[in-house]
file input_31.txt (compact mmCIF, C-alpha atoms)
# COMPACT_ATOMS: atom_id res chain seq x y z
CA MET E 2 0.00 0.00 0.00
CA SER E 3 1.27 3.46 -0.80
CA ILE E 4 -0.43 6.76 -0.08
CA LYS E 5 -0.14 10.13 -1.75
CA ILE E 6 0.83 12.95 0.60
CA THR E 7 1.17 16.66 -0.06
CA LEU E 8 3.02 18.81 2.42
CA THR E 9 4.97 22.04 2.59
CA VAL E 10 8.57 21.77 3.75
CA ASN E 11 10.49 24.99 4.29
CA GLY E 12 8.00 26.81 2.08
CA VAL E 13 8.22 24.34 -0.82
CA LYS E 14 5.26 22.11 -1.66
CA HIS E 15 6.01 18.43 -2.16
CA THR E 16 3.76 15.60 -3.33
CA ASN E 17 4.96 12.03 -3.03
CA LYS E 18 3.63 8.51 -2.72
CA VAL E 19 4.91 6.85 0.44
CA GLU E 20 4.47 3.59 2.28
CA PRO E 21 2.38 4.13 5.45
CA ARG E 22 5.21 2.81 7.60
CA MET E 23 7.72 5.40 6.38
CA LEU E 24 8.75 7.61 9.27
CA LEU E 25 8.66 11.35 8.72
CA VAL E 26 12.40 11.66 9.44
CA HIS E 27 13.17 9.12 6.71
CA TYR E 28 10.89 10.96 4.29
CA LEU E 29 12.78 14.19 4.96
CA ARG E 30 16.22 12.62 4.77
CA ASP E 31 15.84 9.94 2.12
CA VAL E 32 13.12 11.31 -0.17
CA LEU E 33 13.65 15.07 0.09
CA LYS E 34 17.40 14.71 0.82
CA LEU E 35 17.13 17.16 3.72
CA THR E 36 19.78 15.48 5.87
CA GLY E 37 20.12 18.29 8.41
CA THR E 38 17.52 16.51 10.53
CA HIS E 39 19.38 13.74 12.32
CA VAL E 40 18.38 10.31 13.59
CA GLY E 41 19.91 9.85 17.01
CA CYS E 42 18.34 7.36 19.39
CA ASP E 43 15.37 6.52 17.12
CA THR E 44 13.26 5.96 20.26
CA SER E 45 11.88 9.51 20.92
CA GLY E 46 14.46 10.13 23.63
CA CYS E 47 17.26 12.28 22.24
CA GLY E 48 15.53 15.00 20.20
CA ALA E 49 18.13 15.08 17.37
CA CYS E 50 15.28 14.61 14.86
CA THR E 51 13.27 17.59 16.13
CA ILE E 52 11.51 19.64 13.45
CA HIS E 53 8.45 21.92 13.46
CA VAL E 54 5.14 20.45 12.34
CA ASN E 55 2.52 23.19 12.03
CA GLY E 56 4.68 25.34 14.30
CA LYS E 57 5.18 22.75 17.04
CA ALA E 58 8.45 21.06 18.00
CA THR E 59 8.09 17.43 16.96
CA LYS E 60 10.28 14.34 17.08
CA SER E 61 10.16 13.28 13.45
CA CYS E 62 11.30 9.72 14.30
CA THR E 63 8.00 9.25 16.14
CA MET E 64 5.68 10.40 13.39
CA LEU E 65 4.72 8.74 10.12
CA ALA E 66 5.10 10.66 6.88
CA VAL E 67 1.40 9.98 6.18
CA GLN E 68 0.49 11.76 9.43
CA ALA E 69 2.17 14.88 8.04
CA ASP E 70 -0.12 15.05 5.00
CA LYS E 71 -1.21 18.69 4.51
CA ALA E 72 1.18 19.86 7.26
CA LYS E 73 3.56 22.79 7.19
CA ILE E 74 7.02 21.64 8.13
CA ILE E 75 10.16 23.59 8.97
CA THR E 76 13.50 21.82 9.29
CA ILE E 77 16.92 23.22 10.18
CA GLU E 78 17.45 23.92 6.46
CA GLY E 79 14.53 26.35 6.57
CA MET E 80 15.81 28.48 9.45
CA ALA E 81 18.17 30.82 7.58
CA THR E 82 16.47 33.37 5.37
CA HIS E 83 18.07 34.98 2.33
CA HIS E 84 21.48 33.57 3.27
CA GLU E 85 21.23 35.24 6.66
CA LEU E 86 21.58 32.93 9.66
CA HIS E 87 18.66 32.63 12.06
CA PRO E 88 19.57 34.34 15.38
CA LEU E 89 19.80 30.88 16.99
CA GLN E 90 22.24 29.65 14.34
CA GLU E 91 24.31 32.79 14.82
CA ALA E 92 24.15 32.32 18.58
CA PHE E 93 25.37 28.71 18.47
CA ASN E 94 28.26 29.92 16.31
CA GLN E 95 29.09 32.91 18.54
CA CYS E 96 28.76 31.09 21.88
CA HIS E 97 30.42 27.84 20.80
CA GLY E 98 27.11 26.04 21.34
CA LEU E 99 28.23 22.92 19.53
CA GLN E 100 31.02 20.43 19.76
CA CYS E 101 30.39 17.44 17.49
CA GLY E 102 27.24 19.15 16.18
CA PHE E 103 25.06 16.06 15.98
CA CYS E 104 22.42 17.34 18.40
CA THR E 105 22.57 20.93 17.13
CA PRO E 106 19.73 20.89 14.55
CA GLY E 107 17.37 19.42 17.14
CA MET E 108 18.53 21.82 19.83
CA ILE E 109 17.94 24.80 17.53
CA MET E 110 14.49 23.60 16.42
CA THR E 111 13.39 22.98 20.03
CA ALA E 112 14.79 26.34 21.11
CA ALA E 113 13.07 28.15 18.22
CA ASP E 114 9.68 26.75 19.27
CA PHE E 115 10.41 27.61 22.92
CA LEU E 116 11.41 31.22 22.12
CA THR E 117 8.08 31.84 20.39
CA ARG E 118 6.35 31.01 23.69
CA ASN E 119 8.86 32.62 26.04
CA LYS E 120 10.62 35.67 24.63
CA LYS E 121 12.62 36.49 27.76
CA PRO E 122 13.52 33.19 29.37
CA ASN E 123 15.76 32.73 32.37
CA GLU E 124 18.39 30.02 32.59
CA LYS E 125 16.13 27.59 34.46
CA GLU E 126 13.39 27.93 31.86
CA ILE E 127 15.87 27.31 29.04
CA ARG E 128 17.17 24.18 30.75
CA GLU E 129 13.61 22.91 31.26
CA ALA E 130 12.77 23.61 27.61
CA LEU E 131 15.65 21.34 26.56
CA GLU E 132 14.34 18.37 28.55
CA GLY E 133 13.68 16.46 25.33
CA ASN E 134 17.09 17.02 23.76
CA LEU E 135 20.32 15.27 24.65
CA CYS E 136 23.88 16.37 23.91
CA ARG E 137 26.33 13.46 23.99
CA CYS E 138 29.24 15.90 24.25
CA THR E 139 27.53 17.25 27.41
CA GLY E 140 28.00 20.76 26.06
CA TYR E 141 24.90 22.06 27.78
CA GLU E 142 26.52 25.14 29.34
CA ASN E 143 27.21 26.76 25.99
CA ILE E 144 23.94 25.55 24.49
CA VAL E 145 22.07 27.36 27.26
CA LYS E 146 24.24 30.45 26.72
CA SER E 147 23.54 30.31 22.98
CA ILE E 148 19.78 30.25 23.52
CA GLN E 149 20.04 33.15 25.98
CA TYR E 150 22.09 35.08 23.39
CA ALA E 151 19.49 34.44 20.70
CA ALA E 152 16.61 35.37 23.03
CA ASP E 153 18.32 38.67 23.86
CA LYS E 154 19.00 39.39 20.22
CA MET E 155 15.49 38.49 19.06
CA SER E 156 13.79 40.60 21.73
CA ALA E 157 16.11 43.62 21.32
CA PRO E 158 14.57 46.52 19.45
CA LYS E 159 15.78 46.43 15.86
CA ALA E 160 18.61 48.93 15.28
CA ARG E 161 17.30 51.53 12.88
CA LYS E 162 19.48 52.63 10.06
CA THR E 163 20.64 56.23 10.35
CA LYS E 164 19.76 58.53 7.51
CA LYS E 165 23.36 58.54 6.37
CA GLU E 166 23.67 54.76 6.28
CA ALA E 167 20.35 54.43 4.55
CA THR E 168 21.40 56.65 1.66
CA VAL E 169 24.85 55.15 1.21
CA MET L 8 13.81 0.98 13.28
CA ILE L 9 11.05 0.28 10.80
CA PRO L 10 7.61 -1.05 11.74
CA VAL L 11 6.11 -4.06 9.99
CA ALA L 12 4.10 -2.95 6.93
CA PHE L 13 0.50 -1.97 7.57
CA ASP L 14 -2.46 -0.32 5.85
CA TYR L 15 -3.47 3.19 6.79
CA GLN L 16 -6.84 4.89 6.82
CA LYS L 17 -7.63 8.42 7.89
CA ALA L 18 -11.08 8.47 9.50
CA LYS L 19 -13.20 11.59 9.19
CA THR L 20 -15.78 10.62 11.81
CA VAL L 21 -15.93 8.46 14.93
CA ASP L 22 -18.42 6.12 13.21
CA GLU L 23 -16.03 5.68 10.29
CA ALA L 24 -13.20 4.89 12.72
CA ILE L 25 -15.28 2.29 14.56
CA ALA L 26 -16.32 0.65 11.27
CA ALA L 27 -12.68 0.57 10.13
CA LEU L 28 -11.60 -1.08 13.39
CA SER L 29 -13.63 -4.20 12.68
CA ASN L 30 -11.26 -5.39 9.96
CA GLY L 31 -8.93 -7.73 11.77
CA ASN L 32 -5.91 -6.57 13.68
CA SER L 33 -6.46 -2.80 13.51
CA LYS L 34 -5.30 -0.10 15.90
CA ILE L 35 -6.31 3.48 16.49
CA LEU L 36 -3.63 6.09 15.78
CA ALA L 37 -4.06 9.43 17.55
CA GLY L 38 -0.76 11.12 18.48
CA GLY L 39 1.14 7.89 18.02
CA HIS L 40 3.57 8.55 20.85
CA SER L 41 2.86 5.26 22.62
CA LEU L 42 1.90 3.18 19.58
CA LEU L 43 4.67 4.09 17.12
CA PRO L 44 7.57 3.37 19.51
CA ALA L 45 5.99 -0.04 20.23
CA MET L 46 5.55 -0.68 16.49
CA LYS L 47 9.14 0.36 15.75
CA LEU L 48 10.31 -2.21 18.28
CA ARG L 49 7.86 -4.65 16.63
CA MET L 50 6.27 -5.33 19.99
CA SER L 51 3.06 -4.21 18.29
CA GLN L 52 2.32 -5.32 14.72
CA PRO L 53 -1.14 -4.12 13.67
CA SER L 54 -2.19 -4.83 10.09
CA LYS L 55 -3.98 -1.49 9.84
CA LEU L 56 -3.86 1.92 11.50
CA VAL L 57 -6.97 4.07 11.70
CA ASP L 58 -5.88 7.69 12.11
CA ILE L 59 -8.36 9.71 14.19
CA SER L 60 -6.22 12.84 14.49
CA SER L 61 -8.30 14.87 12.06
CA ILE L 62 -11.66 14.21 13.77
CA SER L 63 -12.31 17.62 15.31
CA ALA L 64 -15.11 16.28 17.55
CA LEU L 65 -12.46 14.38 19.52
CA LYS L 66 -10.43 17.48 20.34
CA GLY L 67 -10.86 20.28 22.81
CA ILE L 68 -11.82 21.01 26.39
CA LYS L 69 -15.17 22.33 27.59
CA GLU L 70 -17.31 22.68 30.69
CA GLU L 71 -20.65 20.88 30.61
CA ASP L 72 -23.13 20.25 33.45
CA GLY L 73 -20.59 20.62 36.23
CA GLU L 74 -18.01 18.51 34.45
CA ILE L 75 -14.84 19.24 32.52
CA VAL L 76 -15.03 17.28 29.27
CA ILE L 77 -11.76 16.62 27.47
CA GLY L 78 -11.81 15.19 23.94
CA ALA L 79 -9.81 11.98 23.70
CA ALA L 80 -7.49 13.32 20.98
CA THR L 81 -6.54 16.44 22.96
CA THR L 82 -2.77 16.67 23.41
CA HIS L 83 -0.97 16.80 26.74
CA ALA L 84 0.39 20.25 25.77
CA ASP L 85 -3.10 21.62 25.10
CA ILE L 86 -4.37 20.29 28.43
CA ALA L 87 -1.37 21.73 30.31
CA SER L 88 -1.89 25.21 28.87
CA GLU L 89 -5.71 25.43 28.84
CA LYS L 90 -7.11 28.14 31.14
CA LEU L 91 -10.18 26.16 32.15
CA ILE L 92 -7.95 23.30 33.31
CA LYS L 93 -5.57 25.62 35.17
CA ASN L 94 -8.48 27.29 36.96
CA LYS L 95 -10.75 24.37 37.76
CA LEU L 96 -8.69 21.18 37.48
CA SER L 97 -5.14 22.31 38.16
CA ILE L 98 -3.88 18.79 38.93
CA PHE L 99 -4.45 17.95 35.23
CA ALA L 100 -2.34 20.94 34.14
CA GLU L 101 0.34 19.98 36.66
CA GLY L 102 0.33 16.33 35.63
CA ALA L 103 0.15 16.98 31.87
CA SER L 104 3.18 19.27 32.04
CA MET L 105 5.20 16.46 33.64
CA ILE L 106 4.64 13.94 30.84
CA GLY L 107 7.67 13.13 28.67
CA ASP L 108 9.12 16.28 27.13
CA VAL L 109 7.74 19.20 25.14
CA GLN L 110 7.94 17.37 21.80
CA VAL L 111 6.08 14.36 23.23
CA ARG L 112 3.46 16.60 24.88
CA ASN L 113 2.86 18.36 21.54
CA HIS L 114 1.59 15.13 19.98
CA GLY L 115 0.70 12.57 22.66
CA THR L 116 -2.99 12.51 23.60
CA ILE L 117 -4.88 11.78 26.82
CA GLY L 118 -7.09 9.19 25.15
CA GLY L 119 -4.13 7.42 23.60
CA SER L 120 -2.31 7.29 26.91
CA LEU L 121 -5.36 5.84 28.70
CA ALA L 122 -6.10 3.25 26.01
CA HIS L 123 -2.44 2.18 26.01
CA ALA L 124 -2.58 1.81 29.83
CA ASP L 125 1.17 1.76 30.32
CA PRO L 126 1.86 0.74 33.93
CA ALA L 127 4.15 3.79 34.19
CA GLY L 128 1.83 6.29 32.45
CA ASP L 129 0.81 9.46 34.28
CA TRP L 130 -2.80 9.88 33.10
CA PRO L 131 -4.05 6.66 34.74
CA ALA L 132 -3.21 7.95 38.25
CA LEU L 133 -4.61 11.38 37.43
CA VAL L 134 -7.98 10.18 36.12
CA LEU L 135 -8.32 7.76 39.05
CA ALA L 136 -7.67 10.47 41.64
CA VAL L 137 -10.25 12.92 40.26
CA ASP L 138 -13.09 10.35 39.94
CA ALA L 139 -13.13 10.69 36.15
CA THR L 140 -15.25 8.65 33.79
CA ILE L 141 -13.99 7.46 30.42
CA GLU L 142 -16.55 7.83 27.64
CA ALA L 143 -16.18 5.19 24.95
CA GLN L 144 -18.01 4.56 21.70
CA GLY L 145 -18.42 1.29 19.86
CA LYS L 146 -20.77 -0.47 17.48
CA ASN L 147 -23.46 -0.54 20.17
CA GLY L 148 -23.26 3.16 20.94
CA LYS L 149 -21.69 5.14 23.75
CA ARG L 150 -21.03 4.12 27.33
CA ARG L 151 -19.26 5.60 30.33
CA ILE L 152 -16.71 3.65 32.32
CA LYS L 153 -15.58 4.75 35.77
CA ALA L 154 -11.82 5.26 35.94
CA THR L 155 -11.79 2.87 38.90
CA GLU L 156 -13.15 0.14 36.62
CA PHE L 157 -11.09 1.02 33.56
CA PHE L 158 -7.61 -0.34 34.26
CA THR L 159 -7.73 -4.11 34.39
CA GLY L 160 -4.07 -5.16 34.22
CA LEU L 161 -0.79 -4.72 32.41
CA PHE L 162 -1.57 -2.66 29.24
CA SER L 163 -5.18 -3.82 29.69
CA THR L 164 -8.39 -1.85 29.96
CA ALA L 165 -12.14 -2.38 30.08
CA LEU L 166 -12.44 -1.23 26.45
CA GLN L 167 -14.07 -3.75 24.11
CA GLU L 168 -12.41 -4.75 20.85
CA ASN L 169 -14.14 -2.21 18.62
CA GLU L 170 -14.52 0.60 21.14
CA ILE L 171 -12.59 3.84 21.11
CA ILE L 172 -12.31 6.46 23.83
CA ILE L 173 -14.07 9.66 22.80
CA ALA L 174 -13.86 11.79 25.95
CA ILE L 175 -12.72 12.02 29.55
CA ARG L 176 -15.25 13.52 31.97
CA VAL L 177 -14.24 14.93 35.33
CA PRO L 178 -16.63 16.34 37.94
CA ILE L 179 -15.37 19.84 38.75
CA PRO L 180 -13.93 19.66 42.28
CA PRO L 181 -15.64 22.03 44.77
CA GLU L 182 -13.91 25.26 45.72
CA GLY L 183 -11.26 24.67 48.36
CA THR L 184 -10.20 21.28 46.96
CA LYS L 185 -6.45 20.76 46.98
CA ALA L 186 -4.74 18.36 44.63
CA THR L 187 -1.27 17.42 43.49
CA TYR L 188 0.65 14.91 41.40
CA GLN L 189 4.11 13.91 42.58
CA LYS L 190 6.36 11.58 40.66
CA PHE L 191 9.79 10.07 40.64
CA SER L 192 10.63 9.88 36.93
CA GLN L 193 12.81 7.59 34.94
CA PRO L 194 15.35 10.27 33.94
CA ALA L 195 15.49 9.58 30.18
CA SER L 196 11.85 8.83 29.33
CA ARG L 197 10.24 10.58 32.31
CA PHE L 198 7.82 7.71 32.70
CA ALA L 199 6.80 7.32 36.35
CA ILE L 200 8.83 4.92 38.44
CA VAL L 201 6.44 6.03 41.14
CA GLY L 202 3.61 8.51 40.58
CA CYS L 203 1.16 9.53 43.29
CA ALA L 204 -1.91 11.71 42.71
CA VAL L 205 -3.81 13.04 45.71
CA VAL L 206 -7.07 15.02 45.76
CA ARG L 207 -8.27 16.37 49.10
CA PHE L 208 -11.80 17.72 49.13
CA PRO L 209 -12.96 20.47 51.54
CA ASP L 210 -14.85 17.91 53.66
CA GLY L 211 -11.60 16.03 54.24
CA LYS L 212 -12.35 13.13 51.87
CA THR L 213 -9.05 12.23 50.24
CA ASN L 214 -8.55 10.33 46.98
CA ILE L 215 -5.17 8.69 46.49
CA ALA L 216 -3.99 6.98 43.30
CA PHE L 217 -0.69 5.39 42.31
CA THR L 218 0.93 4.61 38.99
CA GLY L 219 4.26 3.03 38.07
CA ILE L 220 4.47 0.61 40.96
CA SER L 221 2.39 -2.34 39.80
CA ASP L 222 0.79 -3.85 36.67
CA ASN L 223 -1.77 -1.08 36.49
CA ALA L 224 -2.60 2.20 38.19
CA PHE L 225 -4.99 1.91 41.14
CA ARG L 226 -6.83 3.87 43.84
CA ALA L 227 -5.32 3.63 47.30
CA ASP L 228 -7.46 5.86 49.54
CA ASN L 229 -6.62 3.57 52.42
CA ALA L 230 -2.97 3.81 51.49
CA GLU L 231 -1.52 1.63 54.20
CA ALA L 232 -3.76 -1.33 53.36
CA ALA L 233 -3.40 -0.78 49.60
CA LEU L 234 0.39 -0.60 49.69
CA SER L 235 0.68 -3.72 51.78
CA ALA L 236 -1.57 -5.66 49.35
CA VAL L 237 0.02 -4.55 46.07
CA ILE L 238 2.53 -6.64 44.11
CA PHE L 239 5.32 -4.19 43.31
CA LEU L 240 6.96 -4.18 39.87
CA SER L 241 10.65 -4.95 39.73
CA ASP L 242 12.77 -4.04 36.69
CA HIS L 243 16.13 -2.57 35.75
CA TYR L 244 14.95 0.90 36.80
CA ALA L 245 13.95 -0.01 40.34
CA SER L 246 13.59 -3.14 42.47
CA ALA L 247 10.28 -3.94 44.14
CA GLU L 248 11.77 -2.99 47.48
CA TYR L 249 12.98 0.38 46.20
CA ARG L 250 9.60 1.08 44.56
CA LYS L 251 7.86 0.31 47.85
CA HIS L 252 10.13 2.78 49.63
CA LEU L 253 9.56 5.44 46.94
CA ALA L 254 5.78 4.92 47.07
CA LYS L 255 5.78 5.91 50.74
CA VAL L 256 8.10 8.87 50.12
CA TYR L 257 6.00 10.22 47.25
CA LEU L 258 2.72 9.62 49.09
CA LYS L 259 4.09 11.68 51.98
CA LYS L 260 5.21 14.44 49.61
CA ALA L 261 1.77 14.50 47.99
CA LEU L 262 -0.11 14.52 51.28
CA GLN L 263 2.06 17.31 52.65
CA ALA L 264 1.25 19.37 49.57
CA VAL L 265 -2.53 19.17 50.11
CA VAL L 266 -2.85 19.78 53.85
call {"tool": "encode", "arguments": {"input": "input_31.txt", "output": "C-alpha cells"}}
result
Amino acid sequence: MSIKITLTVNGVKHTNKVEPRMLLVHYLRDVLKLTGTHVGCDTSGCGACTIHVNGKATKSCTMLAVQADKAKIITIEGMATHHELHPLQEAFNQCHGLQCGFCTPGMIMTAADFLTRNKKPNEKEIREALEGNLCRCTGYENIVKSIQYAADKMSAPKARKTKKEATV
Amino acid sequence: MIPVAFDYQKAKTVDEAIAALSNGNSKILAGGHSLLPAMKLRMSQPSKLVDISSISALKGIKEEDGEIVIGAATTHADIASEKLIKNKLSIFAEGASMIGDVQVRNHGTIGGSLAHADPAGDWPALVLAVDATIEAQGKNGKRRIKATEFFTGLFSTALQENEIIIAIRVPIPPEGTKATYQKFSQPASRFAIVGCAVVRFPDGKTNIAFTGISDNAFRADNAEAALSAVIFLSDHYASAEYRKHLAKVYLKKALQAVV
C-alpha cells in the first residue's frame, strides 16, 4: 500500500507517494534529501530529529510521513532566510554552542519553538525547555548560553538605520 | 527501526473509525507517541492503523453540566496550557506538564495514553484520583466507564475490541479542593517509576492513586492497606523494594502538599 501525501517543507510544496510505515524523518532525509535533521536514538528520547510540524516542535522519528499530509514543516534547512543565519544559528556559532554538532539541529528547532512562547527566558526555563534534547558531548553550558544570546538578540529593538547609512 | 508494513486509513468521523476497526488486527492512531515506539520495536504489529487525528469532535476542552469534558485526541500540551484546566482542574495541568518532554506533549494525547494503559503512564493515576469517567463509543453506541473500573491489568483496559475512547469527563472539584501529582521519573523517558496523585476535598475526603508501581494504576485511599496488598513491579529501573520505599516517600510528599 502506498499513499499520496502533499506537504509544505520549508516553504516548498512536495507531493509524493509513500508507504504508510515510512517515518517522517526518513521521508525528509531519504526522499527530500534534507539530511540536516538527524536520527539519534530513534526511540523519541534524544531530540536530534526535532523539526516543526505546524509550528510545534516534533520528534520526526515518532511520526509517520502519512500523518504529516497537509502539514507545514520547517527543518533546520529552513531556518536561515536569504542567506542570513537565524539568530539561533548565529548564537550557536558565537557562543560555541556545539562540539560534534550532531544534536545541534534538534537543539535549535526545540529552542526556536520555545522562544516563540517565552521571549525572555531565564536560565532555568531554558534548561527545562531542553528536557527532550540530549547532547552526547555534554556541552549544555554553551547551548544554554547560545539560547540566551538568541533570546536577547530576538527581543532587542531592531537597530534603525541612520539617515546617512540608509542613503549610502 | 522500521515497523512491519500496515495499511493506513484516515477516519473523518468516529463512526467511520469504529467501522474501520472491525477489519482484523487494527489499531487506532491518535498522536502515536505510545503506539509508534511499540511498532518500531515490533512489539506491536497491527495490520492497519486508523488515524483519528483529524476528527475535530475528539479534540478540545469544555465545561458541561458541572463537568470538565476533554476530547480523547486532545494533546498533553493543550491540556497543560488550557485556562479552564488551570483554573478548575489544576492537577491535570500539573500532571500533563510532567509527561515526557515538550515534543512528546505536543503530539501525545490523553485518550491514547489511557487506552495504552502503560503501567508507568501518568494519566491513569490522574484520572483515578479525580473520579473521572472514560466515555467510549463502539458499534453498540456510547457508554461511560468509571476510571476505577477502567484499568484491568498490564496494558489492559475495560475497552471492548471495537470501542474507542471519545472523551474524559471529570466532575469539577468544589472550591477549596487541593490536589497534586508527585512523581519520581525515569530520567530519560520521564515515565513514572512512582507517581502519586492526591485530591483532598474540603470535607476532608481524600482520593489517592498510584501509577508506576504495579501492573496497572490503582486507587489507594486507604494507602496503608493498599500498599501492603500490592505486588510491586521490579525491573532494571527499580527493584520492588525500592519502589515500595519510593511509594511511601511520594505519598508523603503529595499529602504534605494538600494539607
call {"tool": "interface_residues", "arguments": {"input": "input_31.txt", "of": "chain L", "to": "chain E", "cutoff": "9 Å", "atoms": "only C-alpha atoms", "output": "JSON, numbers by chain"}}
result
{"L": [8, 9, 10, 11, 12, 13, 14, 15, 17, 38, 39, 40, 43, 44, 47, 48, 56, 58, 60, 107, 108, 109, 110, 111, 113, 114, 195, 196]}
call {"tool": "residues_around", "arguments": {"input": "input_31.txt", "residues": "Leu86 in chain E", "least_positions_apart": "5", "cutoff": "12 Å", "atoms": "all atoms listed in the file", "output": "PyMOL selection string"}}
result
chain E and resi 77-81+91-95+109+151
call {"tool": "atom_distance", "arguments": {"input": "input_31.txt", "atom1": "CA of Ala204 in chain L", "atom2": "CA of Thr184 in chain L"}}
result
13.4 Å
call {"tool": "atom_distance", "arguments": {"input": "input_31.txt", "atom1": "CA of Met110 in chain E", "atom2": "CA of Leu42 in chain L"}}
result
24.2 Å
call {"tool": "residues_around", "arguments": {"input": "input_31.txt", "residues": "Glu170 in chain L", "least_positions_apart": "3", "cutoff": "8 Å", "atoms": "all atoms listed in the file", "output": "list in words"}}
result
Ile25, Ala143, Gln144, Gly145, Lys146, Leu166 and Gln167 of chain L
call {"tool": "atom_distance", "arguments": {"input": "input_31.txt", "atom1": "CA of Gly160 in chain L", "atom2": "CA of Asp222 in chain L"}}
result
5.6 Å
call {"tool": "residues_around", "arguments": {"input": "input_31.txt", "residues": "Leu258 in chain L", "least_positions_apart": "5", "cutoff": "12 Å", "atoms": "all atoms listed in the file", "output": "number ranges by chain"}}
result
L: 187-191, 201-206, 214-218, 227-231, 234, 250-253, 263-265
call {"tool": "residues_near_point", "arguments": {"input": "input_31.txt", "point": "(-4.9, 6.5, 32.0)", "cutoff": "10 Å", "atoms": "only C-alpha atoms", "output": "VMD selection string"}}
result
chain L and resid 117 to 135 141 154 157 to 158 164 175 218 223 to 224
call {"tool": "closest_residue", "arguments": {"input": "input_31.txt", "among": "L:Ile152, L:Leu262, L:Ile179, L:Ala232", "to": "Lys93 in chain L", "atoms": "only C-alpha atoms"}}
result
L:Ile179
